[in-house]
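Novice: Structure below; questions to follow.
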Amino acid sequence: MKSKILILGFLFLIFGCQKENKTASSFLELVPVNPSLLIKINSFDSFKESLKNNDFLKRFESSKTYKGIAEIVDNLNYVQPQTSGLLAFSESIDKEWGYTFITDFSPNVIHLDSIKNKTVESFAQGREEIDRYTIDGTVFFASRLDDKIAISSSQAVLEDLLENFGKVEIPKELQRLYRASGVTKPASLFMDMDENAELLESILKDNPGIDITNFSDWLALDIDLQLDQINLRGMSMVRDSTQNYLDLFRNTTPLVNTIQNFAPKNSEAILSYTFNDYRTFAKNKQGYLGYSIPEDSLFTTVEEIGLIYLNSKKAVLLNTFGSETIAEFLGEMQVGSLDFQGNEILELGQSDFLEKLLSPLVKDFDAHYVTVLDNAFIFAGEKEILQTVIRSYKNNNTFRDTPVYETAVENIASESTVLYISDSKGIKNLLDTHFSKTFVQDFAKSKLQSTVYAAQVVADKDIFHTNAVVRNITPKRSNRRISKSFSKNLESEIATNPQFVVNHNTKTKEIVVQDEDNTLHLISRNGQTLWSKKLDGRIQGQVHQVDIYKNGRLQLAFTTNNQFLILDRNGKEVRPFVKSFEGGNLRPLAVFDYDGNKDYRFVVVQNEKIFMYNNKGDIVTGFTYTRAEHSVLNAPKHFRIGKKDYLTFKLSDGSLKILSRVGKVRVKVDKKIDFSENEIYVYKNKFIATDKKGILYQIDERGKTTEANLNLNEDHGLDATNKTLALINNNELSIKGNKVELDLGVYLPPKIFYIYDKIYVTLTDIQNQRVYLFDSNAKPIPNFPIIGTSPIDLGDVDNNRRLEVVVKDQDNSFIMYSMN
């Protein structure tokens, strides 16, 4: 299957080379014509040492594959560059593979002082001179070009390089990737997918079933070799003029993968594809295949296509956000059914329809049986496979709880366009299918039984962020600890939720909190009070940080019951942002930064009155919605969908106003909603709200409103991003459809955090004074819950990729915890 090409890039790297650092584009000007593989070496010593010490590479040293590649680059042991370098692999006109290494010239760049059995000859090649080195029967060549030197294992390649120097046009894609590549890792790899098929012939079968040249146009990966793992992180690129495998996902947005929640614990591998809009995927698929599939309209609610590899067989998953149309389609093909643990398994009269409809993602698959779990359809060729899936799902005995999965997710983002995770058995099945017998034998001798293999692609327009990892299975969940950093007592009871804010001088985080005497305190990350300021009233909602002068110095903006204030870092009032409102009853402050250029709009709401201020503290005269028809509930919110801005206002009569920047109606909503206490959100590019009867309303950009009765209690809690929905109802938490039952309690609404490509959801039980933390799969983070009586704030206080939590503890104290 072409999707498995993801793994080929890093499998090739398991067999090494060595060299060093520089970002000068002049190195690119010296590479041979049409190189198949380039390795930019940023640190020669570091790269050479990491190759030598990596545990995985050590296990392959005696293999035929490793020895074959090592023999090609053996002469590079005599090269000692003083700066960075660029290593290119290419094929000469006599069909011999070799290397060319380019670096800055220095007198001792080729170091042969200790070599006795050597000869050095020179001969002319046009205007240039080539040196021929013979050492113990092996030969390599070198030629100086100005302040650079090119060293090659092939005379023909070097002669061709000299002849075409200055004439070869460097592909724009390569230039772009080269500039974007990292300089902190020892090396970076660049692969021209159109030129590398023959390079991999030695490790692939004659008919491997994989067209490596069709995966993308270019692949670039930073190489990070640690003692017990190999990490490759970079990007793949596709051109508009070509049709590649990754074009299937162009202009789609990745979602949180869910296949791990359905795959049984003993699965050998999982493969998942996600997209936010099946219609976009179907259009891309039509371009890729060259023909359309009328039945694509059946799958418009599909957002994930997955494959579960189990006992050398596979099941196919279709996860949806609406199942009726697909269920009707399958019902027409039903020829029988059976019940298993309360789930119906349908027998289908046709078995090849999935392969026809979902090619090229699904191949060589017969869908004889199907069952439904939540909104996911799972197909298999044998009913026993579905019985295993159902049993595992109902017993909560799934792949997400395996050491393999837990290890893999430490190194990958939580949302993937393409995700592959496998144990050693799963990767062996892949190798048996697609790789040469010699390579499979080499792999078997390496004894990599306790190893996880993962590959990930994340779509971003014409760029596809690409990650791959090979590492020992060492789950970290059980080793994670949470420790108390400090506990702080105030003289009066705490009135607001402790909140992290950024110290613009140190770039670290501090804490703001207000007490019952209306005194606002700024607390350092060590628990010291930096300043305290008495305010006229209680802060409404959260404190916003802004940079009104656009100089990197941050201020604190908020409303109290009767004032709109902005304070500087030292707690001093920033004039003219000291505005009082007779009669009070202000809502929480809303701050809009439409274009991310710090031209803020500060929106203050007082009953029906709406005041919008600019950075100078002046009323924005162009905003016309200055008085609502009824009292405004909550703070207004700003959303951007596509290229359009939307401002939302909840009114006390049940009206939802969706306006443009200037206050004109942009989306007309006719439906009156008896709003719950939850805010308005945008989820999957639709505005969502819930009412007190537990009905979820979805409103699209044309004003079309759909209702879904979720049977929620009146006091349910909700939070959402465009990709993630979190709900608490009674004691059941749902995150992206993943559910967990909690102890009975009184729960505040969940809160979603997105930190370092990971999704976290926090939840507070004020009855039992417990605070929970979950990942995107609704799996509890170890060592939680902790004691707390307020929603927590979550952040990286010292920018060391270690999470800290701040939470109210008792009436007049709060605690900061550190998660290690």
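Residues in the structure tokens are named by chain (A, B, ... in the order shown) and by number from 1 within that chain; ligands are numbered from 1 in the order shown.
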Would you mind writing down, as a list in words, each residue of region 391-438 of chain A that DSSP on the backbone assigns to strand (DSSP E or B)?

Specialist: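 The residues of region 391-438 of chain A classed as strand (DSSP E or B) are Thr398, Glu415, Ser416, Val418, Leu419, Tyr420, Ile421, Ser422 and Phe435 of chain A.
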
Novice: Taking 4 positions as the minimum chain separation for residues in the same chain, which residues sit within 10 Å of Pro749 (chain A) when counting only C-alpha atoms? Answer as a list in words.

Specialist: Glu677, Asn678, Asp715, His716, Gly717, Leu718, Asp719, Ala726, Leu727, Ile728, Asn729, Thr762, Leu763, Thr764, Asp765 and Pro791 of chain A

Novice: According to DSSP computed on the backbone, where in region 314-545 of chain A is there alpha helix (DSSP H)? Give the residues as a ChimeraX atom specification.

Specialist: /A:324-333,353-358,383-394,403-408,424-434,437-445

Novice: Counting only C-alpha atoms, what is within 10 Å of Val372 (chain A), bar same-chain residues fewer than 2 positions away, as a compact mmCIF listing (two decimals) with C-alpha atoms, in the first residue's frame?

Specialist:
# COMPACT_ATOMS: atom_id res chain seq x y z
CA LEU A 317 -12.72 1.68 10.20
CA LEU A 318 -14.84 4.59 9.00
CA ASN A 319 -15.35 7.12 11.79
CA SER A 323 -24.08 7.60 10.31
CA ALA A 327 -26.22 2.74 7.52
CA ASN A 343 -23.83 -5.41 18.98
CA GLU A 344 -25.26 -6.40 15.62
CA ILE A 345 -22.81 -7.76 13.05
CA LEU A 346 -24.18 -7.50 9.51
CA VAL A 370 -19.59 -4.80 9.44
CA ASP A 374 -20.65 4.70 18.47
CA ASN A 375 -20.39 6.53 15.11
CA ALA A 376 -17.69 4.24 13.70
CA PHE A 377 -18.32 1.55 11.10
CA ILE A 378 -15.83 -1.33 11.30
CA PHE A 379 -15.51 -3.82 8.43
CA LEU A 386 -15.22 -8.01 14.56
CA ILE A 390 -16.31 -5.52 19.97

Novice: What's around region 629-638 of chain A at 10 Å? Count only C-alpha atoms, leave out sequence neighbours fewer than 2 positions away in its own chain, and write the answer as a PDB file with N, CA and C atoms, in the first residue's frame.

Specialist:
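Result file follows (out-v1.pdb):
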ATOM      1  N   GLN A 540     -14.072  40.740  36.286  1.00  0.00           N
ATOM      2  CA  GLN A 540     -15.059  39.930  35.581  1.00  0.00           C
ATOM      3  C   GLN A 540     -14.338  39.058  34.541  1.00  0.00           C
ATOM      4  N   GLY A 541     -14.500  37.754  34.657  1.00  0.00           N
ATOM      5  CA  GLY A 541     -13.874  36.865  33.674  1.00  0.00           C
ATOM      6  C   GLY A 541     -12.369  36.822  33.820  1.00  0.00           C
ATOM      7  N   LEU A 586     -20.900  45.428  34.403  1.00  0.00           N
ATOM      8  CA  LEU A 586     -20.144  45.151  33.182  1.00  0.00           C
ATOM      9  C   LEU A 586     -19.950  43.646  33.004  1.00  0.00           C
ATOM     10  N   ARG A 587     -19.943  43.221  31.764  1.00  0.00           N
ATOM     11  CA  ARG A 587     -19.609  41.836  31.432  1.00  0.00           C
ATOM     12  C   ARG A 587     -18.079  41.704  31.348  1.00  0.00           C
ATOM     13  N   PRO A 588     -17.558  40.464  31.298  1.00  0.00           N
ATOM     14  CA  PRO A 588     -16.114  40.306  31.098  1.00  0.00           C
ATOM     15  C   PRO A 588     -15.639  41.008  29.836  1.00  0.00           C
ATOM     16  N   LEU A 589     -14.433  41.513  29.876  1.00  0.00           N
ATOM     17  CA  LEU A 589     -13.854  42.215  28.733  1.00  0.00           C
ATOM     18  C   LEU A 589     -13.617  41.251  27.576  1.00  0.00           C
ATOM     19  N   ALA A 590     -13.896  41.711  26.363  1.00  0.00           N
ATOM     20  CA  ALA A 590     -13.539  40.975  25.150  1.00  0.00           C
ATOM     21  C   ALA A 590     -12.438  41.746  24.433  1.00  0.00           C
ATOM     22  N   VAL A 591     -11.405  41.040  23.985  1.00  0.00           N
ATOM     23  CA  VAL A 591     -10.293  41.656  23.260  1.00  0.00           C
ATOM     24  C   VAL A 591     -10.167  40.969  21.910  1.00  0.00           C
ATOM     25  N   PHE A 592     -10.283  41.742  20.832  1.00  0.00           N
ATOM     26  CA  PHE A 592     -10.179  41.200  19.477  1.00  0.00           C
ATOM     27  C   PHE A 592      -8.912  41.726  18.815  1.00  0.00           C
ATOM     28  N   ASP A 593      -8.166  40.835  18.183  1.00  0.00           N
ATOM     29  CA  ASP A 593      -6.992  41.214  17.384  1.00  0.00           C
ATOM     30  C   ASP A 593      -7.186  40.564  16.026  1.00  0.00           C
ATOM     31  N   TYR A 594      -7.967  41.216  15.175  1.00  0.00           N
ATOM     32  CA  TYR A 594      -8.463  40.605  13.949  1.00  0.00           C
ATOM     33  C   TYR A 594      -7.360  39.993  13.089  1.00  0.00           C
ATOM     34  N   VAL A 603     -13.782  45.429  23.797  1.00  0.00           N
ATOM     35  CA  VAL A 603     -15.236  45.522  23.795  1.00  0.00           C
ATOM     36  C   VAL A 603     -15.752  45.406  25.224  1.00  0.00           C
ATOM     37  N   VAL A 604     -16.411  46.466  25.670  1.00  0.00           N
ATOM     38  CA  VAL A 604     -16.999  46.515  27.006  1.00  0.00           C
ATOM     39  C   VAL A 604     -18.511  46.499  26.858  1.00  0.00           C
ATOM     40  N   VAL A 605     -19.166  45.598  27.577  1.00  0.00           N
ATOM     41  CA  VAL A 605     -20.623  45.458  27.488  1.00  0.00           C
ATOM     42  C   VAL A 605     -21.233  45.803  28.841  1.00  0.00           C
ATOM     43  N   GLN A 606     -22.237  46.689  28.803  1.00  0.00           N
ATOM     44  CA  GLN A 606     -22.996  47.055  30.000  1.00  0.00           C
ATOM     45  C   GLN A 606     -24.476  46.912  29.667  1.00  0.00           C
ATOM     46  N   ASN A 607     -25.048  45.815  30.107  1.00  0.00           N
ATOM     47  CA  ASN A 607     -26.440  45.509  29.774  1.00  0.00           C
ATOM     48  C   ASN A 607     -26.623  45.490  28.258  1.00  0.00           C
ATOM     49  N   GLU A 608     -27.414  46.454  27.696  1.00  0.00           N
ATOM     50  CA  GLU A 608     -27.595  46.488  26.235  1.00  0.00           C
ATOM     51  C   GLU A 608     -26.527  47.334  25.540  1.00  0.00           C
ATOM     52  N   LYS A 609     -25.779  48.123  26.293  1.00  0.00           N
ATOM     53  CA  LYS A 609     -24.814  49.034  25.683  1.00  0.00           C
ATOM     54  C   LYS A 609     -23.514  48.308  25.331  1.00  0.00           C
ATOM     55  N   ILE A 610     -22.935  48.665  24.178  1.00  0.00           N
ATOM     56  CA  ILE A 610     -21.703  48.042  23.701  1.00  0.00           C
ATOM     57  C   ILE A 610     -20.713  49.151  23.342  1.00  0.00           C
ATOM     58  N   TYR A 625     -22.847  48.590  15.981  1.00  0.00           N
ATOM     59  CA  TYR A 625     -23.729  47.848  16.898  1.00  0.00           C
ATOM     60  C   TYR A 625     -23.411  48.287  18.330  1.00  0.00           C
ATOM     61  N   ARG A 627     -25.781  49.378  20.605  1.00  0.00           N
ATOM     62  CA  ARG A 627     -26.847  49.051  21.556  1.00  0.00           C
ATOM     63  C   ARG A 627     -27.588  47.814  21.049  1.00  0.00           C
ATOM     64  N   ARG A 640     -12.748  33.551  13.307  1.00  0.00           N
ATOM     65  CA  ARG A 640     -12.426  33.672  11.882  1.00  0.00           C
ATOM     66  C   ARG A 640     -12.626  32.315  11.239  1.00  0.00           C
ATOM     67  N   ASP A 645     -14.341  37.385   9.226  1.00  0.00           N
ATOM     68  CA  ASP A 645     -14.415  37.576  10.672  1.00  0.00           C
ATOM     69  C   ASP A 645     -15.877  37.592  11.104  1.00  0.00           C
ATOM     70  N   TYR A 646     -16.121  37.019  12.277  1.00  0.00           N
ATOM     71  CA  TYR A 646     -17.469  36.972  12.827  1.00  0.00           C
ATOM     72  C   TYR A 646     -17.410  37.375  14.303  1.00  0.00           C
ATOM     73  N   LEU A 647     -18.326  38.245  14.732  1.00  0.00           N
ATOM     74  CA  LEU A 647     -18.473  38.629  16.126  1.00  0.00           C
ATOM     75  C   LEU A 647     -19.805  38.087  16.622  1.00  0.00           C
ATOM     76  N   THR A 648     -19.790  37.386  17.753  1.00  0.00           N
ATOM     77  CA  THR A 648     -21.021  36.779  18.255  1.00  0.00           C
ATOM     78  C   THR A 648     -21.451  37.433  19.570  1.00  0.00           C
ATOM     79  N   PHE A 649     -22.763  37.643  19.685  1.00  0.00           N
ATOM     80  CA  PHE A 649     -23.371  38.222  20.876  1.00  0.00           C
ATOM     81  C   PHE A 649     -24.585  37.380  21.262  1.00  0.00           C
ATOM     82  N   LYS A 650     -24.602  36.875  22.488  1.00  0.00           N
ATOM     83  CA  LYS A 650     -25.769  36.181  23.030  1.00  0.00           C
ATOM     84  C   LYS A 650     -26.652  37.201  23.752  1.00  0.00           C
ATOM     85  N   LEU A 651     -27.934  37.210  23.394  1.00  0.00           N
ATOM     86  CA  LEU A 651     -28.847  38.149  24.016  1.00  0.00           C
ATOM     87  C   LEU A 651     -29.804  37.425  24.952  1.00  0.00           C
ATOM     88  N   SER A 652     -30.335  38.174  25.920  1.00  0.00           N
ATOM     89  CA  SER A 652     -31.171  37.580  26.963  1.00  0.00           C
ATOM     90  C   SER A 652     -32.501  37.063  26.448  1.00  0.00           C
ATOM     91  N   ASP A 653     -32.943  37.498  25.269  1.00  0.00           N
ATOM     92  CA  ASP A 653     -34.203  37.000  24.720  1.00  0.00           C
ATOM     93  C   ASP A 653     -34.015  35.738  23.885  1.00  0.00           C
ATOM     94  N   GLY A 654     -32.797  35.175  23.879  1.00  0.00           N
ATOM     95  CA  GLY A 654     -32.527  33.965  23.113  1.00  0.00           C
ATOM     96  C   GLY A 654     -32.004  34.215  21.716  1.00  0.00           C
ATOM     97  N   SER A 655     -31.766  35.475  21.363  1.00  0.00           N
ATOM     98  CA  SER A 655     -31.236  35.789  20.034  1.00  0.00           C
ATOM     99  C   SER A 655     -29.723  35.569  20.006  1.00  0.00           C
ATOM    100  N   LEU A 656     -29.235  35.113  18.870  1.00  0.00           N
ATOM    101  CA  LEU A 656     -27.796  35.015  18.628  1.00  0.00           C
ATOM    102  C   LEU A 656     -27.457  35.949  17.479  1.00  0.00           C
ATOM    103  N   LYS A 657     -26.672  36.960  17.763  1.00  0.00           N
ATOM    104  CA  LYS A 657     -26.242  37.914  16.754  1.00  0.00           C
ATOM    105  C   LYS A 657     -24.857  37.518  16.259  1.00  0.00           C
ATOM    106  N   ILE A 658     -24.732  37.333  14.950  1.00  0.00           N
ATOM    107  CA  ILE A 658     -23.443  37.031  14.327  1.00  0.00           C
ATOM    108  C   ILE A 658     -23.155  38.154  13.346  1.00  0.00           C
ATOM    109  N   LEU A 659     -22.186  39.006  13.683  1.00  0.00           N
ATOM    110  CA  LEU A 659     -21.963  40.260  12.985  1.00  0.00           C
ATOM    111  C   LEU A 659     -20.605  40.306  12.306  1.00  0.00           C
ATOM    112  N   SER A 660     -20.437  41.312  11.451  1.00  0.00           N
ATOM    113  CA  SER A 660     -19.147  41.579  10.813  1.00  0.00           C
ATOM    114  C   SER A 660     -18.317  42.477  11.718  1.00  0.00           C
ATOM    115  N   ARG A 661     -17.136  42.840  11.259  1.00  0.00           N
ATOM    116  CA  ARG A 661     -16.258  43.716  12.044  1.00  0.00           C
ATOM    117  C   ARG A 661     -16.919  45.061  12.358  1.00  0.00           C
ATOM    118  N   PHE A 675     -30.556  29.774  25.972  1.00  0.00           N
ATOM    119  CA  PHE A 675     -29.135  29.465  26.136  1.00  0.00           C
ATOM    120  C   PHE A 675     -28.820  28.810  27.484  1.00  0.00           C
ATOM    121  N   GLU A 677     -25.592  27.937  30.219  1.00  0.00           N
ATOM    122  CA  GLU A 677     -24.558  28.822  30.745  1.00  0.00           C
ATOM    123  C   GLU A 677     -23.275  28.785  29.916  1.00  0.00           C
ATOM    124  N   ASN A 678     -23.228  27.932  28.917  1.00  0.00           N
ATOM    125  CA  ASN A 678     -22.007  27.784  28.122  1.00  0.00           C
ATOM    126  C   ASN A 678     -21.906  28.867  27.053  1.00  0.00           C
ATOM    127  N   GLU A 679     -20.673  29.092  26.588  1.00  0.00           N
ATOM    128  CA  GLU A 679     -20.417  30.133  25.600  1.00  0.00           C
ATOM    129  C   GLU A 679     -20.731  29.638  24.188  1.00  0.00           C
ATOM    130  N   ILE A 680     -20.600  30.551  23.236  1.00  0.00           N
ATOM    131  CA  ILE A 680     -20.683  30.212  21.818  1.00  0.00           C
ATOM    132  C   ILE A 680     -19.293  29.771  21.366  1.00  0.00           C
ATOM    133  N   TYR A 681     -19.233  28.725  20.537  1.00  0.00           N
ATOM    134  CA  TYR A 681     -17.960  28.237  20.004  1.00  0.00           C
ATOM    135  C   TYR A 681     -18.104  27.995  18.503  1.00  0.00           C
ATOM    136  N   VAL A 682     -16.973  27.844  17.838  1.00  0.00           N
ATOM    137  CA  VAL A 682     -16.955  27.360  16.454  1.00  0.00           C
ATOM    138  C   VAL A 682     -16.319  25.987  16.457  1.00  0.00           C
TER     139      VAL A 682
END

Novice: May I ask which of the residues A:Asn411, A:Asn266, A:Leu373, A:Ser272 is the closest one to Gly426 (chain A), counting only C-alpha atoms?

Specialist: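 Nearest candidate to Gly426 (chain A) out of A:Asn411, A:Asn266, A:Leu373, A:Ser272: A:Asn266.
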
Novice: If you count only C-alpha atoms, which residues fall within 12 Å of Leu145 (chain A), apart from same-chain ones fewer than 5 positions away, as a PDB file with N, CA, C and O atoms, in the first residue's frame?

Specialist:
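Result file follows (around00.pdb):
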ATOM      1  N   SER A  26      25.687  27.838  -1.514  1.00  0.00           N
ATOM      2  CA  SER A  26      26.685  27.510  -2.524  1.00  0.00           C
ATOM      3  C   SER A  26      26.985  26.017  -2.547  1.00  0.00           C
ATOM      4  O   SER A  26      27.415  25.490  -3.568  1.00  0.00           O
ATOM      5  N   PHE A  27      26.798  25.326  -1.425  1.00  0.00           N
ATOM      6  CA  PHE A  27      26.974  23.880  -1.430  1.00  0.00           C
ATOM      7  C   PHE A  27      26.027  23.235  -2.440  1.00  0.00           C
ATOM      8  O   PHE A  27      26.391  22.282  -3.133  1.00  0.00           O
ATOM      9  N   GLU A  29      25.021  24.382  -5.179  1.00  0.00           N
ATOM     10  CA  GLU A  29      25.461  24.622  -6.548  1.00  0.00           C
ATOM     11  C   GLU A  29      26.486  23.596  -7.021  1.00  0.00           C
ATOM     12  O   GLU A  29      26.753  23.480  -8.212  1.00  0.00           O
ATOM     13  N   LEU A  30      27.050  22.842  -6.079  1.00  0.00           N
ATOM     14  CA  LEU A  30      28.094  21.885  -6.425  1.00  0.00           C
ATOM     15  C   LEU A  30      27.616  20.433  -6.437  1.00  0.00           C
ATOM     16  O   LEU A  30      28.410  19.538  -6.700  1.00  0.00           O
ATOM     17  N   ILE A 102      30.654  17.620  -0.357  1.00  0.00           N
ATOM     18  CA  ILE A 102      31.060  18.995  -0.622  1.00  0.00           C
ATOM     19  C   ILE A 102      31.221  19.725   0.703  1.00  0.00           C
ATOM     20  O   ILE A 102      30.335  19.667   1.570  1.00  0.00           O
ATOM     21  N   THR A 103      32.344  20.408   0.865  1.00  0.00           N
ATOM     22  CA  THR A 103      32.574  21.177   2.085  1.00  0.00           C
ATOM     23  C   THR A 103      33.528  22.323   1.762  1.00  0.00           C
ATOM     24  O   THR A 103      34.021  22.444   0.634  1.00  0.00           O
ATOM     25  N   ASP A 104      33.778  23.177   2.745  1.00  0.00           N
ATOM     26  CA  ASP A 104      34.759  24.251   2.554  1.00  0.00           C
ATOM     27  C   ASP A 104      36.160  23.655   2.526  1.00  0.00           C
ATOM     28  O   ASP A 104      36.485  22.737   3.283  1.00  0.00           O
ATOM     29  N   PHE A 105      36.985  24.201   1.652  1.00  0.00           N
ATOM     30  CA  PHE A 105      38.347  23.699   1.520  1.00  0.00           C
ATOM     31  C   PHE A 105      39.207  24.134   2.707  1.00  0.00           C
ATOM     32  O   PHE A 105      39.111  25.247   3.211  1.00  0.00           O
ATOM     33  N   SER A 106      40.043  23.210   3.155  1.00  0.00           N
ATOM     34  CA  SER A 106      41.101  23.511   4.121  1.00  0.00           C
ATOM     35  C   SER A 106      42.259  22.573   3.793  1.00  0.00           C
ATOM     36  O   SER A 106      42.045  21.491   3.215  1.00  0.00           O
ATOM     37  N   ARG A 127      39.424  22.953 -17.246  1.00  0.00           N
ATOM     38  CA  ARG A 127      40.240  23.939 -16.547  1.00  0.00           C
ATOM     39  C   ARG A 127      40.538  23.529 -15.111  1.00  0.00           C
ATOM     40  O   ARG A 127      41.299  24.200 -14.417  1.00  0.00           O
ATOM     41  N   GLU A 128      39.888  22.483 -14.669  1.00  0.00           N
ATOM     42  CA  GLU A 128      40.045  22.071 -13.279  1.00  0.00           C
ATOM     43  C   GLU A 128      40.991  20.879 -13.181  1.00  0.00           C
ATOM     44  O   GLU A 128      41.323  20.225 -14.169  1.00  0.00           O
ATOM     45  N   GLU A 129      41.402  20.615 -11.949  1.00  0.00           N
ATOM     46  CA  GLU A 129      42.299  19.492 -11.683  1.00  0.00           C
ATOM     47  C   GLU A 129      41.622  18.516 -10.728  1.00  0.00           C
ATOM     48  O   GLU A 129      40.963  18.918  -9.763  1.00  0.00           O
ATOM     49  N   ILE A 130      41.768  17.221 -11.004  1.00  0.00           N
ATOM     50  CA  ILE A 130      41.187  16.188 -10.153  1.00  0.00           C
ATOM     51  C   ILE A 130      42.326  15.384  -9.532  1.00  0.00           C
ATOM     52  O   ILE A 130      43.274  14.985 -10.216  1.00  0.00           O
ATOM     53  N   ALA A 150      35.086  19.267  -3.626  1.00  0.00           N
ATOM     54  CA  ALA A 150      34.151  18.178  -3.883  1.00  0.00           C
ATOM     55  C   ALA A 150      34.926  16.865  -3.859  1.00  0.00           C
ATOM     56  O   ALA A 150      35.932  16.717  -4.554  1.00  0.00           O
ATOM     57  N   ILE A 151      34.461  15.919  -3.061  1.00  0.00           N
ATOM     58  CA  ILE A 151      35.101  14.606  -2.911  1.00  0.00           C
ATOM     59  C   ILE A 151      34.089  13.554  -3.327  1.00  0.00           C
ATOM     60  O   ILE A 151      32.953  13.563  -2.847  1.00  0.00           O
ATOM     61  N   LEU A 158      32.190  13.041 -10.629  1.00  0.00           N
ATOM     62  CA  LEU A 158      32.939  14.261 -10.368  1.00  0.00           C
ATOM     63  C   LEU A 158      33.217  15.017 -11.663  1.00  0.00           C
ATOM     64  O   LEU A 158      33.119  16.248 -11.713  1.00  0.00           O
ATOM     65  N   LEU A 161      30.119  16.714 -12.651  1.00  0.00           N
ATOM     66  CA  LEU A 161      29.881  17.859 -11.769  1.00  0.00           C
ATOM     67  C   LEU A 161      30.693  19.064 -12.235  1.00  0.00           C
ATOM     68  O   LEU A 161      30.177  20.186 -12.299  1.00  0.00           O
ATOM     69  N   LEU A 162      31.968  18.834 -12.557  1.00  0.00           N
ATOM     70  CA  LEU A 162      32.821  19.935 -12.993  1.00  0.00           C
ATOM     71  C   LEU A 162      32.352  20.507 -14.325  1.00  0.00           C
ATOM     72  O   LEU A 162      32.375  21.725 -14.540  1.00  0.00           O
ATOM     73  N   GLU A 163      31.919  19.643 -15.205  1.00  0.00           N
ATOM     74  CA  GLU A 163      31.472  20.088 -16.530  1.00  0.00           C
ATOM     75  C   GLU A 163      30.203  20.931 -16.434  1.00  0.00           C
ATOM     76  O   GLU A 163      30.013  21.883 -17.202  1.00  0.00           O
ATOM     77  N   PHE A 165      29.146  22.618 -13.672  1.00  0.00           N
ATOM     78  CA  PHE A 165      29.176  23.579 -12.583  1.00  0.00           C
ATOM     79  C   PHE A 165      28.673  24.936 -13.059  1.00  0.00           C
ATOM     80  O   PHE A 165      29.135  25.469 -14.057  1.00  0.00           O
ATOM     81  N   GLY A 166      27.679  25.477 -12.340  1.00  0.00           N
ATOM     82  CA  GLY A 166      27.102  26.763 -12.699  1.00  0.00           C
ATOM     83  C   GLY A 166      26.005  26.680 -13.730  1.00  0.00           C
ATOM     84  O   GLY A 166      25.362  27.691 -14.028  1.00  0.00           O
TER      85      GLY A 166
END
